[in-house]
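Engineer: Following this message is one structure expressed as structure tokens.
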Amino acid sequence: MKADESSPKGKALITEARQMIERLQKEMRESWERDLPLEELLCDRWERAQRLGFGAGSSIYQSSYVYGDVSVGEETWIGPLTLLEGSGGLSIGSHCSISAGTHIYTHDSVRWALSGGSSEYERASVHIGDCCHIGANVVILKGVTIGHHAVIGASSLVNKDVAPYTIAVGSPCRPAGKVKIGKDGEIALEMFGSAETG
């Protein structure tokens, strides 16, 4: 409901709200060099994750959608504008990065739509292991398992399992390299046909 700007009380409320928003925006820019939508300024990502029962230290943006049975491990970052659809069961491990715009589905309505509603939705769980990086705008379909320490390239469509320590890219997603972790913790990302360390 919009405040009545013609009344003195309405004008005062609007002025107070604008000042609060400007203060929050300034604090965010000074602390994190970010300018965020109002809902992100007012809500705490870590508190939301805690309310959802996610592991300690995990965070999820207010602009993200969560449906159904979704479990998330510790210290996992879930970026803005993501969709975690867990009607068929979705588990995400610890120390993962789920980048902005990622959509994860545990159901589809293909047969339901084609049959004019006489067939049921199909559901199958999705599992993402520990220490995975899921790039921006990835779509993960029902029934997929992504192993520990895997990297999924941005804008990939994941419709099949991805083995642990695999770099996978494309639409549909295919293995493109390996993740190697040395004894000292050094990470090497080795693409098939070339070597890239970082």
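Each chain of the structure tokens is named A, B, ... in the order shown, its residues numbered from 1; ligands are numbered from 1 in display order.
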Set the distance at 7 Å and use only C-alpha atoms: which residues neighbour range 37-48 of chain A once local chain neighbours fewer than 4 positions away are removed? I'd like the list as a list of chain:residue names.

Structural biologist: A:Leu24, A:Leu52, A:Gly57, A:Ser58, A:Ser59, A:Ile60, A:Tyr61, A:Gln62

Engineer: Find the residues near range 82-92 of chain A: any atom within 7 Å, counting only C-alpha atoms, skip ones fewer than 6 places away on the same chain, and give them as a PyMOL selection string.

Structural biologist: chain A and resi 64-73+100-107+123-129

Engineer: Using N, CA and C atoms, can you export the residues from the last selection as a CSV table (one decimal), in the first residue's frame?

Structural biologist:
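Ended up saving to selection-v3.csv:
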chain,number,residue,atom,x,y,z
A,64,SER,N,16.6,-15.7,-4.9
A,64,SER,CA,16.6,-17.1,-5.3
A,64,SER,C,15.3,-17.8,-4.8
A,65,TYR,N,14.9,-18.8,-5.6
A,65,TYR,CA,13.6,-19.5,-5.3
A,65,TYR,C,14.0,-20.9,-4.8
A,66,VAL,N,13.3,-21.4,-3.8
A,66,VAL,CA,13.6,-22.7,-3.2
A,66,VAL,C,12.2,-23.4,-3.1
A,67,TYR,N,12.1,-24.6,-3.7
A,67,TYR,CA,10.8,-25.4,-3.7
A,67,TYR,C,11.2,-26.8,-3.2
A,68,GLY,N,10.3,-27.4,-2.4
A,68,GLY,CA,10.4,-28.8,-2.1
A,68,GLY,C,11.5,-29.1,-1.2
A,69,ASP,N,12.0,-30.3,-1.3
A,69,ASP,CA,13.0,-30.9,-0.4
A,69,ASP,C,14.4,-30.6,-0.9
A,70,VAL,N,15.0,-29.5,-0.3
A,70,VAL,CA,16.3,-29.1,-0.7
A,70,VAL,C,17.2,-29.1,0.5
A,71,SER,N,18.3,-29.8,0.4
A,71,SER,CA,19.3,-29.8,1.5
A,71,SER,C,20.6,-29.2,1.0
A,72,VAL,N,21.3,-28.4,1.8
A,72,VAL,CA,22.6,-27.8,1.4
A,72,VAL,C,23.6,-28.0,2.6
A,73,GLY,N,24.8,-28.3,2.2
A,73,GLY,CA,25.8,-28.5,3.2
A,73,GLY,C,26.4,-27.2,3.8
A,100,ALA,N,25.2,-17.3,-10.2
A,100,ALA,CA,23.9,-16.6,-10.5
A,100,ALA,C,23.2,-17.2,-11.7
A,101,GLY,N,21.9,-17.2,-11.6
A,101,GLY,CA,21.1,-17.7,-12.7
A,101,GLY,C,21.0,-19.2,-12.9
A,102,THR,N,21.6,-19.9,-12.0
A,102,THR,CA,21.5,-21.4,-12.2
A,102,THR,C,20.1,-21.9,-11.8
A,103,HIS,N,19.6,-22.8,-12.6
A,103,HIS,CA,18.4,-23.5,-12.3
A,103,HIS,C,18.6,-25.0,-12.2
A,104,ILE,N,18.1,-25.6,-11.1
A,104,ILE,CA,18.2,-27.0,-10.8
A,104,ILE,C,16.8,-27.6,-10.7
A,105,TYR,N,16.5,-28.5,-11.5
A,105,TYR,CA,15.1,-29.1,-11.6
A,105,TYR,C,15.2,-30.6,-11.2
A,106,THR,N,14.2,-31.0,-10.4
A,106,THR,CA,14.1,-32.4,-10.0
A,106,THR,C,12.8,-33.0,-10.6
A,107,HIS,N,12.2,-32.3,-11.4
A,107,HIS,CA,11.0,-32.8,-12.1
A,107,HIS,C,10.9,-32.2,-13.5
A,123,ARG,N,9.6,-37.3,-11.7
A,123,ARG,CA,10.5,-36.7,-10.7
A,123,ARG,C,11.7,-37.7,-10.5
A,124,ALA,N,12.9,-37.1,-10.3
A,124,ALA,CA,14.1,-37.9,-9.9
A,124,ALA,C,15.1,-36.9,-9.2
A,125,SER,N,15.7,-37.4,-8.2
A,125,SER,CA,16.5,-36.5,-7.4
A,125,SER,C,17.8,-36.1,-8.1
A,126,VAL,N,18.3,-34.9,-7.6
A,126,VAL,CA,19.6,-34.4,-8.1
A,126,VAL,C,20.5,-34.3,-6.9
A,127,HIS,N,21.8,-34.7,-7.1
A,127,HIS,CA,22.8,-34.7,-6.1
A,127,HIS,C,24.0,-34.0,-6.6
A,128,ILE,N,24.5,-33.0,-5.8
A,128,ILE,CA,25.7,-32.3,-6.2
A,128,ILE,C,26.7,-32.5,-5.0
A,129,GLY,N,27.9,-33.0,-5.3
A,129,GLY,CA,28.8,-33.3,-4.3
A,129,GLY,C,29.5,-32.1,-3.6

Engineer: Mind giving me the straight-line distance from CA of Ser171 in chain A to CA of Ala113 in chain A in Å, one decimal?

Structural biologist: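 Value for the CA of Ser171 in chain A-CA of Ala113 in chain A distance: 23.4 Å.
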
Engineer: Can you work out which one of A:Ala188, A:Ala150, A:Ile98, A:Leu36 has the shortest atom-to-atom distance to Asn137 in chain A, counting only C-alpha atoms?

Structural biologist: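 Under the stated criterion, the closest residue is A:Ile98.
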
Engineer: Between A:Ala176, A:Cys132, A:Leu141, A:Ile187, which has the minimum distance to Ser109 in chain A (counting only C-alpha atoms)?

Structural biologist: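 Answer, going by the shortest atom-to-atom distance: A:Leu141.
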
Engineer: So what do you get for CA of Ile167 in chain A versus CA of Gly55 in chain A, distance-wise?

Structural biologist: 25.4 Å

Engineer: Based on the backbone DSSP call, show me all residues of range 7-79 of chain A assigned helix (DSSP H, G or I), as a PyMOL selection string.

Structural biologist: chain A and resi 8-32+38-42+45-51

Engineer: With only C-alpha atoms as the counted atoms, please give the residues lying no more than 6 Å from Gly177 in chain A, apart from itself and same-chain residues fewer than 6 positions off, as JSON, numbers by chain.

Structural biologist: {"A": [166, 167, 190, 191, 192]}

Engineer: Which residues are near Leu157 in chain A? Cut-off 7 Å, only C-alpha atoms, ignore same chain within fewer than 2 positions. Put them as a list in words.

Structural biologist: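 Contacts, with the query itself left out: Val138, Val139, Ile140, Ser155, Asn159, Gly170, Ser171, Pro172 and Cys173 of chain A.
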
Engineer: Take the selection from the previous step and output its residues with N, CA and C atoms, as a short mmCIF file (atom, residue, chain, number, x, y, z; two decimals), in the first residue's frame.

Structural biologist:
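Resulting contents of part.cif:
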data_model
loop_
_atom_site.label_atom_id
_atom_site.label_comp_id
_atom_site.auth_asym_id
_atom_site.auth_seq_id
_atom_site.Cartn_x
_atom_site.Cartn_y
_atom_site.Cartn_z
N VAL A 138 23.70 -22.05 -15.52
CA VAL A 138 23.66 -23.48 -15.79
C VAL A 138 22.24 -23.99 -15.52
N VAL A 139 21.80 -24.97 -16.31
CA VAL A 139 20.54 -25.67 -16.06
C VAL A 139 20.89 -27.14 -15.81
N ILE A 140 20.46 -27.66 -14.65
CA ILE A 140 20.68 -29.05 -14.28
C ILE A 140 19.32 -29.74 -14.25
N SER A 155 26.53 -21.52 -18.55
CA SER A 155 25.50 -21.73 -19.58
C SER A 155 25.41 -23.16 -20.09
N ASN A 159 22.41 -32.82 -18.39
CA ASN A 159 21.33 -33.81 -18.47
C ASN A 159 21.82 -35.22 -18.18
N GLY A 170 29.12 -27.12 -21.93
CA GLY A 170 28.33 -27.22 -23.15
C GLY A 170 26.88 -27.56 -22.95
N SER A 171 26.17 -27.60 -24.09
CA SER A 171 24.75 -27.90 -24.09
C SER A 171 24.47 -28.88 -25.23
N PRO A 172 24.37 -30.18 -24.94
CA PRO A 172 24.41 -30.78 -23.61
C PRO A 172 25.85 -30.81 -23.06
N CYS A 173 25.94 -30.86 -21.75
CA CYS A 173 27.21 -30.82 -21.04
C CYS A 173 28.02 -32.09 -21.29
#

Engineer: Would you mind reading off the distance between CA of Gly147 in chain A and CA of Ala163 in chain A, one decimal, in Å?

Structural biologist: 5.0 Å
